[in-house]
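Shown next: coords-v9.csv, given as CSV, C-alpha atoms and all ligand atoms.
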```csv
chain,number,residue,atom,x,y,z
A,1,MET,CA,19.5,-210.6,-191.5
A,2,ASP,CA,20.9,-208.3,-194.2
A,3,THR,CA,20.9,-204.6,-193.9
A,4,GLN,CA,17.9,-203.9,-196.2
A,5,SER,CA,15.7,-206.5,-194.4
A,6,HIS,CA,16.7,-205.1,-191.0
A,7,TRP,CA,15.6,-201.6,-192.0
A,8,ASP,CA,12.5,-202.7,-193.8
A,9,ARG,CA,11.5,-204.6,-190.7
A,10,ILE,CA,12.1,-201.5,-188.5
A,11,TYR,CA,9.9,-199.4,-190.7
A,12,THR,CA,7.2,-202.1,-191.0
A,13,ASP,CA,7.0,-202.6,-187.3
A,14,LYS,CA,7.2,-199.0,-186.1
A,15,ALA,CA,5.2,-195.8,-186.8
A,16,PRO,CA,7.4,-193.0,-188.2
A,17,THR,CA,7.0,-191.1,-184.9
A,18,ALA,CA,8.0,-194.1,-182.8
A,19,VAL,CA,11.7,-194.5,-183.8
A,20,SER,CA,14.4,-193.0,-181.6
A,21,TRP,CA,15.7,-190.7,-184.3
A,22,TYR,CA,12.3,-189.1,-185.0
A,23,ARG,CA,11.9,-185.4,-184.8
A,24,PRO,CA,8.9,-183.5,-186.3
A,25,HIS,CA,11.4,-181.4,-188.3
A,26,LEU,CA,15.2,-181.8,-188.8
A,27,GLU,CA,15.8,-178.1,-187.9
A,28,THR,CA,19.6,-178.3,-187.7
A,29,SER,CA,19.8,-180.1,-191.0
A,30,LEU,CA,17.4,-177.6,-192.6
A,31,SER,CA,19.2,-174.6,-191.3
A,32,LEU,CA,22.6,-175.9,-192.6
A,33,ILE,CA,21.2,-176.8,-196.0
A,34,THR,CA,19.3,-173.6,-196.5
A,35,ARG,CA,22.4,-171.6,-195.7
A,36,VAL,CA,24.4,-173.2,-198.5
A,37,ALA,CA,21.9,-174.3,-201.2
A,38,SER,CA,20.1,-172.3,-203.8
A,39,LYS,CA,16.6,-173.4,-205.0
A,40,GLU,CA,18.2,-175.1,-208.0
A,41,SER,CA,21.0,-176.9,-206.0
A,42,ALA,CA,21.0,-180.7,-206.5
A,43,ILE,CA,20.5,-182.0,-203.0
A,44,ILE,CA,20.7,-185.6,-201.9
A,45,ASP,CA,19.4,-186.8,-198.6
A,46,VAL,CA,21.3,-190.1,-197.9
A,47,GLY,CA,19.4,-192.5,-195.7
A,48,GLY,CA,16.5,-190.1,-195.5
A,49,GLY,CA,14.3,-192.7,-193.8
A,50,GLU,CA,10.8,-191.4,-193.2
A,51,SER,CA,12.0,-187.9,-192.1
A,52,THR,CA,10.1,-184.8,-193.1
A,53,LEU,CA,13.3,-183.1,-194.3
A,54,VAL,CA,12.1,-183.6,-197.9
A,55,ASP,CA,8.7,-182.0,-197.1
A,56,ASP,CA,10.4,-179.0,-195.6
A,57,LEU,CA,12.8,-178.6,-198.5
A,58,LEU,CA,9.9,-178.8,-201.0
A,59,SER,CA,7.9,-176.3,-199.1
A,60,ARG,CA,10.8,-173.9,-199.2
A,61,GLY,CA,11.0,-174.2,-203.0
A,62,PHE,CA,14.0,-176.5,-203.5
A,63,ARG,CA,13.4,-178.1,-206.8
A,64,ASN,CA,16.2,-180.7,-207.3
A,65,ILE,CA,15.9,-183.2,-204.4
A,66,THR,CA,17.0,-186.8,-204.3
A,67,VAL,CA,16.1,-189.1,-201.3
A,68,LEU,CA,18.1,-192.3,-201.1
A,69,ASP,CA,17.4,-195.1,-198.6
A,70,ILE,CA,18.1,-198.8,-198.4
A,71,SER,CA,14.6,-199.4,-197.2
A,72,GLN,CA,11.8,-199.5,-199.8
A,73,THR,CA,9.3,-199.4,-197.0
A,74,ALA,CA,10.6,-196.0,-195.8
A,75,ILE,CA,10.5,-194.6,-199.4
A,76,GLU,CA,6.9,-195.8,-199.9
A,77,VAL,CA,5.9,-194.2,-196.6
A,78,ASN,CA,7.4,-190.9,-197.8
A,79,LYS,CA,5.7,-191.0,-201.1
A,80,LYS,CA,2.3,-191.7,-199.5
A,81,ARG,CA,2.8,-188.9,-197.0
A,82,LEU,CA,3.7,-186.4,-199.7
A,83,GLY,CA,1.0,-187.5,-202.2
A,84,GLU,CA,1.1,-186.0,-205.6
A,85,ILE,CA,4.1,-183.7,-204.9
A,86,SER,CA,6.2,-186.9,-204.3
A,87,ASN,CA,6.8,-186.9,-208.1
A,88,ARG,CA,8.9,-183.8,-207.7
A,89,VAL,CA,11.5,-185.9,-205.9
A,90,ARG,CA,13.9,-188.4,-207.2
A,91,TRP,CA,13.7,-191.6,-205.0
A,92,LEU,CA,16.5,-194.1,-204.9
A,93,ILE,CA,16.3,-197.4,-203.1
A,94,ALA,CA,20.0,-198.4,-202.7
A,95,ASP,CA,22.8,-199.2,-200.3
A,96,ILE,CA,24.8,-196.0,-200.2
A,97,THR,CA,28.1,-198.0,-200.2
A,98,LYS,CA,27.0,-199.5,-203.6
A,99,ALA,CA,24.6,-197.0,-205.2
A,100,ASP,CA,25.2,-195.9,-208.7
A,101,LEU,CA,25.4,-192.1,-208.4
A,102,SER,CA,26.3,-189.7,-211.2
A,103,HIS,CA,29.7,-188.1,-211.1
A,104,SER,CA,29.6,-184.5,-209.7
A,105,GLY,CA,25.8,-184.9,-209.7
A,106,TYR,CA,25.2,-183.1,-206.4
A,107,ASP,CA,25.8,-179.7,-204.8
A,108,VAL,CA,24.7,-180.8,-201.3
A,109,TRP,CA,25.1,-184.2,-199.6
A,110,HIS,CA,23.1,-184.6,-196.4
A,111,ASP,CA,23.3,-187.6,-194.1
A,112,ARG,CA,21.7,-187.7,-190.6
A,113,ALA,CA,22.5,-190.9,-188.7
A,114,VAL,CA,23.7,-193.2,-191.5
A,115,PHE,CA,27.5,-192.9,-191.7
A,116,HIS,CA,27.7,-193.9,-188.0
A,117,PHE,CA,26.3,-197.4,-188.8
A,118,LEU,CA,29.4,-198.1,-191.0
A,119,THR,CA,31.5,-199.9,-188.5
A,120,ARG,CA,33.7,-201.7,-191.0
A,121,GLN,CA,36.6,-199.7,-192.6
A,122,ARG,CA,35.8,-201.0,-196.0
A,123,ASP,CA,32.2,-199.7,-195.9
A,124,ARG,CA,33.4,-196.3,-194.7
A,125,ALA,CA,35.9,-196.2,-197.5
A,126,ALA,CA,33.1,-197.1,-200.0
A,127,TYR,CA,30.9,-194.4,-198.6
A,128,LEU,CA,33.7,-191.8,-198.9
A,129,ARG,CA,34.4,-192.8,-202.5
A,130,GLN,CA,30.7,-192.2,-203.2
A,131,VAL,CA,30.9,-188.7,-201.6
A,132,ALA,CA,34.1,-187.8,-203.5
A,133,ASN,CA,32.5,-189.0,-206.8
A,134,ALA,CA,29.0,-187.6,-206.4
A,135,VAL,CA,29.6,-184.1,-204.9
A,136,LYS,CA,30.9,-181.3,-207.1
A,137,VAL,CA,34.0,-179.5,-206.2
A,138,GLY,CA,32.8,-176.5,-204.2
A,139,GLY,CA,29.8,-178.5,-203.0
A,140,HIS,CA,28.7,-179.1,-199.4
A,141,VAL,CA,28.7,-182.2,-197.2
A,142,ILE,CA,26.5,-182.1,-194.1
A,143,VAL,CA,26.9,-185.2,-192.0
A,144,SER,CA,25.4,-186.0,-188.6
A,145,THR,CA,26.4,-188.9,-186.4
A,146,PHE,CA,26.1,-189.7,-182.7
A,147,GLY,CA,28.6,-187.6,-180.8
A,148,PRO,CA,31.1,-188.9,-178.2
A,149,GLU,CA,28.5,-189.0,-175.5
A,150,GLY,CA,25.8,-190.5,-177.8
A,151,PRO,CA,24.5,-194.1,-177.7
A,152,MET,CA,26.7,-197.0,-178.7
A,153,LYS,CA,23.9,-198.7,-180.5
A,154,CYS,CA,20.8,-197.7,-182.5
A,155,SER,CA,18.0,-199.9,-183.6
A,156,GLY,CA,20.0,-202.9,-182.4
A,157,LEU,CA,23.0,-202.1,-184.5
A,158,ASP,CA,26.5,-201.0,-183.3
A,159,VAL,CA,27.5,-197.5,-184.3
A,160,VAL,CA,30.7,-195.5,-184.3
A,161,ARG,CA,30.6,-192.2,-182.4
A,162,TYR,CA,32.5,-189.2,-183.5
A,163,ASP,CA,33.7,-185.8,-182.4
A,164,ALA,CA,34.2,-183.2,-185.2
A,165,GLU,CA,37.9,-183.8,-185.5
A,166,ALA,CA,37.5,-187.6,-185.8
A,167,LEU,CA,34.7,-187.3,-188.3
A,168,HIS,CA,36.6,-184.7,-190.4
A,169,ARG,CA,39.6,-187.0,-190.3
A,170,GLU,CA,37.5,-189.8,-191.9
A,171,PHE,CA,36.7,-187.5,-194.8
A,172,GLY,CA,40.2,-186.2,-195.4
A,173,VAL,CA,42.0,-183.1,-196.7
A,174,HIS,CA,39.7,-182.5,-199.7
A,175,PHE,CA,36.9,-181.7,-197.3
A,176,ARG,CA,37.3,-178.4,-195.5
A,177,LEU,CA,35.5,-178.3,-192.2
A,178,ILE,CA,33.4,-175.2,-192.1
A,179,GLU,CA,31.5,-175.7,-188.9
A,180,SER,CA,30.4,-178.3,-186.4
A,181,THR,CA,27.7,-178.3,-183.8
A,182,ASN,CA,26.3,-180.7,-181.2
A,183,GLU,CA,22.6,-181.3,-180.6
A,184,LEU,CA,20.9,-182.9,-177.8
A,185,HIS,CA,18.1,-184.9,-179.4
A,186,GLN,CA,15.0,-185.7,-177.4
A,187,THR,CA,13.8,-189.1,-178.4
A,188,PRO,CA,10.0,-189.9,-178.5
A,189,PHE,CA,10.7,-192.0,-175.3
A,190,GLY,CA,11.9,-189.0,-173.3
A,191,THR,CA,15.6,-189.9,-173.4
A,192,VAL,CA,18.4,-187.6,-174.8
A,193,GLN,CA,21.0,-188.5,-177.4
A,194,GLN,CA,24.0,-186.4,-178.4
A,195,PHE,CA,24.3,-185.8,-182.2
A,196,LEU,CA,27.2,-184.1,-183.9
A,197,TYR,CA,26.7,-182.2,-187.2
A,198,CYS,CA,29.6,-181.4,-189.4
A,199,HIS,CA,29.5,-179.1,-192.5
A,200,CYS,CA,32.4,-179.5,-194.9
A,201,LYS,CA,33.1,-178.0,-198.3
A,202,VAL,CA,34.6,-180.1,-201.0
A,203,GLU,CA,37.9,-178.6,-202.3
A,301,LIG,C1,18.6,-193.7,-188.0
A,301,LIG,S1,17.8,-193.7,-189.5
A,301,LIG,C2,17.9,-191.9,-189.9
A,301,LIG,C3,16.8,-191.5,-190.9
A,301,LIG,C4,16.8,-190.0,-191.2
A,301,LIG,N1,18.1,-189.6,-191.8
A,301,LIG,C5,16.5,-189.2,-190.0
A,301,LIG,O1,17.3,-188.5,-189.5
A,301,LIG,O2,15.3,-189.3,-189.6
A,301,LIG,C6,19.0,-194.4,-190.6
A,301,LIG,C7,18.5,-194.5,-192.0
A,301,LIG,O3,19.5,-194.9,-192.9
A,301,LIG,C8,19.1,-196.0,-193.7
A,301,LIG,N2,20.3,-196.8,-194.0
A,301,LIG,C9,21.0,-197.5,-193.2
A,301,LIG,N3,22.0,-198.1,-193.8
A,301,LIG,C10,22.0,-197.6,-195.1
A,301,LIG,C11,22.8,-197.8,-196.2
A,301,LIG,N4,23.9,-198.6,-196.2
A,301,LIG,N5,22.5,-197.2,-197.4
A,301,LIG,C12,21.4,-196.4,-197.4
A,301,LIG,N6,20.6,-196.2,-196.4
A,301,LIG,C13,20.9,-196.8,-195.2
A,301,LIG,C14,18.0,-196.7,-193.0
A,301,LIG,O4,17.1,-197.3,-193.8
A,301,LIG,C15,17.4,-195.5,-192.2
A,301,LIG,O5,16.3,-194.9,-192.9
```

Once you've parsed the file, please lay out its structure as structure tokens.
Amino acid sequence: MDTQSHWDRIYTDKAPTAVSWYRPHLETSLSLITRVASKESAIIDVGGGESTLVDDLLSRGFRNITVLDISQTAIEVNKKRLGEISNRVRWLIADITKADLSHSGYDVWHDRAVFHFLTRQRDRAAYLRQVANAVKVGGHVIVSTFGPEGPMKCSGLDVVRYDAEALHREFGVHFRLIESTNELHQTPFGTVQQFLYCHCKVE
């Protein structure tokens, strides 16, 4: 099954609150984004899934939000949940390793639990070319993956786990590591998963 069909299947079969990565609000992401973004900042949530981050950004007055996901099903669920205000958001259905993103189009790049699915070096390289192209110099990259003690699989797919040093190494010298933090995420099934969040500035 290709990647898009895999994710469409997940989002068709499961309620938004029944996936392991579900949280009512992405508090850590929100806190990192609101610290670095102004209301006019161009923010892209890469692999936003069905998360309520977009709702929370809209309600805080952020006006330039793009949500990208490979799953059309997830994007449709978001639009339905948001109703009329969904037209304040730019929605992109695309594979992030191949998406057509404008050069220096974004001030803030956010990814929670997408990069870690890129187990092939060539896919990580394609992702990193996208970040380098799409985020302005001086912009911010906030990426969250499973940490070293996190699961080795998610939704049936293998993942790569990172500590802050290893994740920063993937991004390279043009990304200055500003801060990193670990989070113990409680899944809806009562288990705990270790997530790592890294905030880098593009130099
Ligand atoms: C584990 S979920 C995380 C969703 C959301 N970021 C959150 O924290 O709730 C991973 C998301 O990445 C999307 N995804 C996976 N591979 C992708 C790719 N290559 N390009 C774009 N989106 C992708 C999936 O459809 C899914 O919505």

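Excluding stretch 182-186 of chain A itself and any same-chain residue fewer than 5 positions from it, the protein and nucleic acid residues within 8 Å of it, counting all atoms listed in the file, are A:Trp21, A:Gly147, A:Thr191, A:Val192, A:Gln193, A:Gln194, A:Phe195, A:Leu196, A:Tyr197.
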
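Across the model, the gap from atom N6 of ligand LIG 301 (chain A) to atom CA of A:Thr73 is 11.8 Å.
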
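Ranking A:Asp163, A:Asp56, A:Asp2, A:Asp107 by their shortest atom-to-atom distance to A:Glu27, with only C-alpha atoms included, puts A:Asp56 first.
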
Expected answer as a ChimeraX atom specification: residues within 7 Å of ligand LIG 301 (chain A), all atoms listed in the file: /A:3,7,21-22,46-51,68-71,74,94-97,111-114,117

For A:Gly61, work out the shell of residues within 12 Å, counting all atoms listed in the file and skipping chain neighbours fewer than 6 positions away, then give it as a CSV table (one decimal) with C-alpha atoms, in the coordinates of the input.
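Output (selection-v8.csv):
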```
chain,number,residue,atom,x,y,z
A,34,THR,CA,19.3,-173.6,-196.5
A,37,ALA,CA,21.9,-174.3,-201.2
A,38,SER,CA,20.1,-172.3,-203.8
A,39,LYS,CA,16.6,-173.4,-205.0
A,40,GLU,CA,18.2,-175.1,-208.0
A,41,SER,CA,21.0,-176.9,-206.0
A,54,VAL,CA,12.1,-183.6,-197.9
A,55,ASP,CA,8.7,-182.0,-197.1
A,85,ILE,CA,4.1,-183.7,-204.9
A,88,ARG,CA,8.9,-183.8,-207.7
```

Could you pull the residues within 9 Å of A:Leu57, counting all atoms listed in the file, minus those fewer than 5 positions along the same chain, as a ChimeraX atom specification? /A:30,33-34,52,62-63,65

For a test of reading the model, state the distance in Å between atom CA of A:His116 and atom CA of A:Tyr162, rounded to one decimal. 8.1 Å

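For the choices A:Lys201, A:His140, A:Arg124, A:His110, the atom-to-atom distance to A:Asp45 is smallest for A:His110 when using all atoms listed in the file.
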
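The spacing separating atom CA of A:Cys154 from atom CA of A:Lys80 amounts to 25.8 Å.
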
Excluding A:Cys200 and any residue of its chain fewer than 3 positions from it, enumerate the residues within 7 Å of it, using all atoms listed in the file, and give them as a list of chain:residue names. A:His140, A:Val141, A:Ile142, A:Phe175, A:Arg176, A:Leu177, A:Ile178

Expected file: the selected residues, C-alpha atoms, as a short mmCIF file (atom, residue, chain, number, x, y, z; two decimals), keeping the file's coordinate frame:
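So the final result, stored in out-v4.cif, reads:
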```cif
data_model
loop_
_atom_site.label_atom_id
_atom_site.label_comp_id
_atom_site.auth_asym_id
_atom_site.auth_seq_id
_atom_site.Cartn_x
_atom_site.Cartn_y
_atom_site.Cartn_z
CA HIS A 140 28.70 -179.10 -199.40
CA VAL A 141 28.70 -182.20 -197.20
CA ILE A 142 26.50 -182.10 -194.10
CA PHE A 175 36.90 -181.70 -197.30
CA ARG A 176 37.30 -178.40 -195.50
CA LEU A 177 35.50 -178.30 -192.20
CA ILE A 178 33.40 -175.20 -192.10
#
```

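Shortest separation to A:Asn87 among A:Phe189, A:Thr66, A:Val160, A:Val173 occurs at residue A:Thr66, atoms counted being all atoms listed in the file.
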
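The residue that comes closest to A:Ser102, out of A:Glu179, A:Lys79, A:Lys136, A:Ser155 and on the basis of only C-alpha atoms, is A:Lys136.
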
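Counting all atoms listed in the file, the residue from A:Arg161, A:Lys98, A:His174, A:His6 that sits nearest to A:Gly138 is A:His174.
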
Test item: residues at most 12 Å from A:Ala126, only C-alpha atoms, excluding those fewer than 6 positions along its chain, as a ChimeraX atom specification: /A:95-100,115,118-120,132-133,170-171

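Among the candidates A:Trp91, A:Trp109, A:Phe146, A:Tyr11, the one nearest to A:His199 when counting only C-alpha atoms is A:Trp109.
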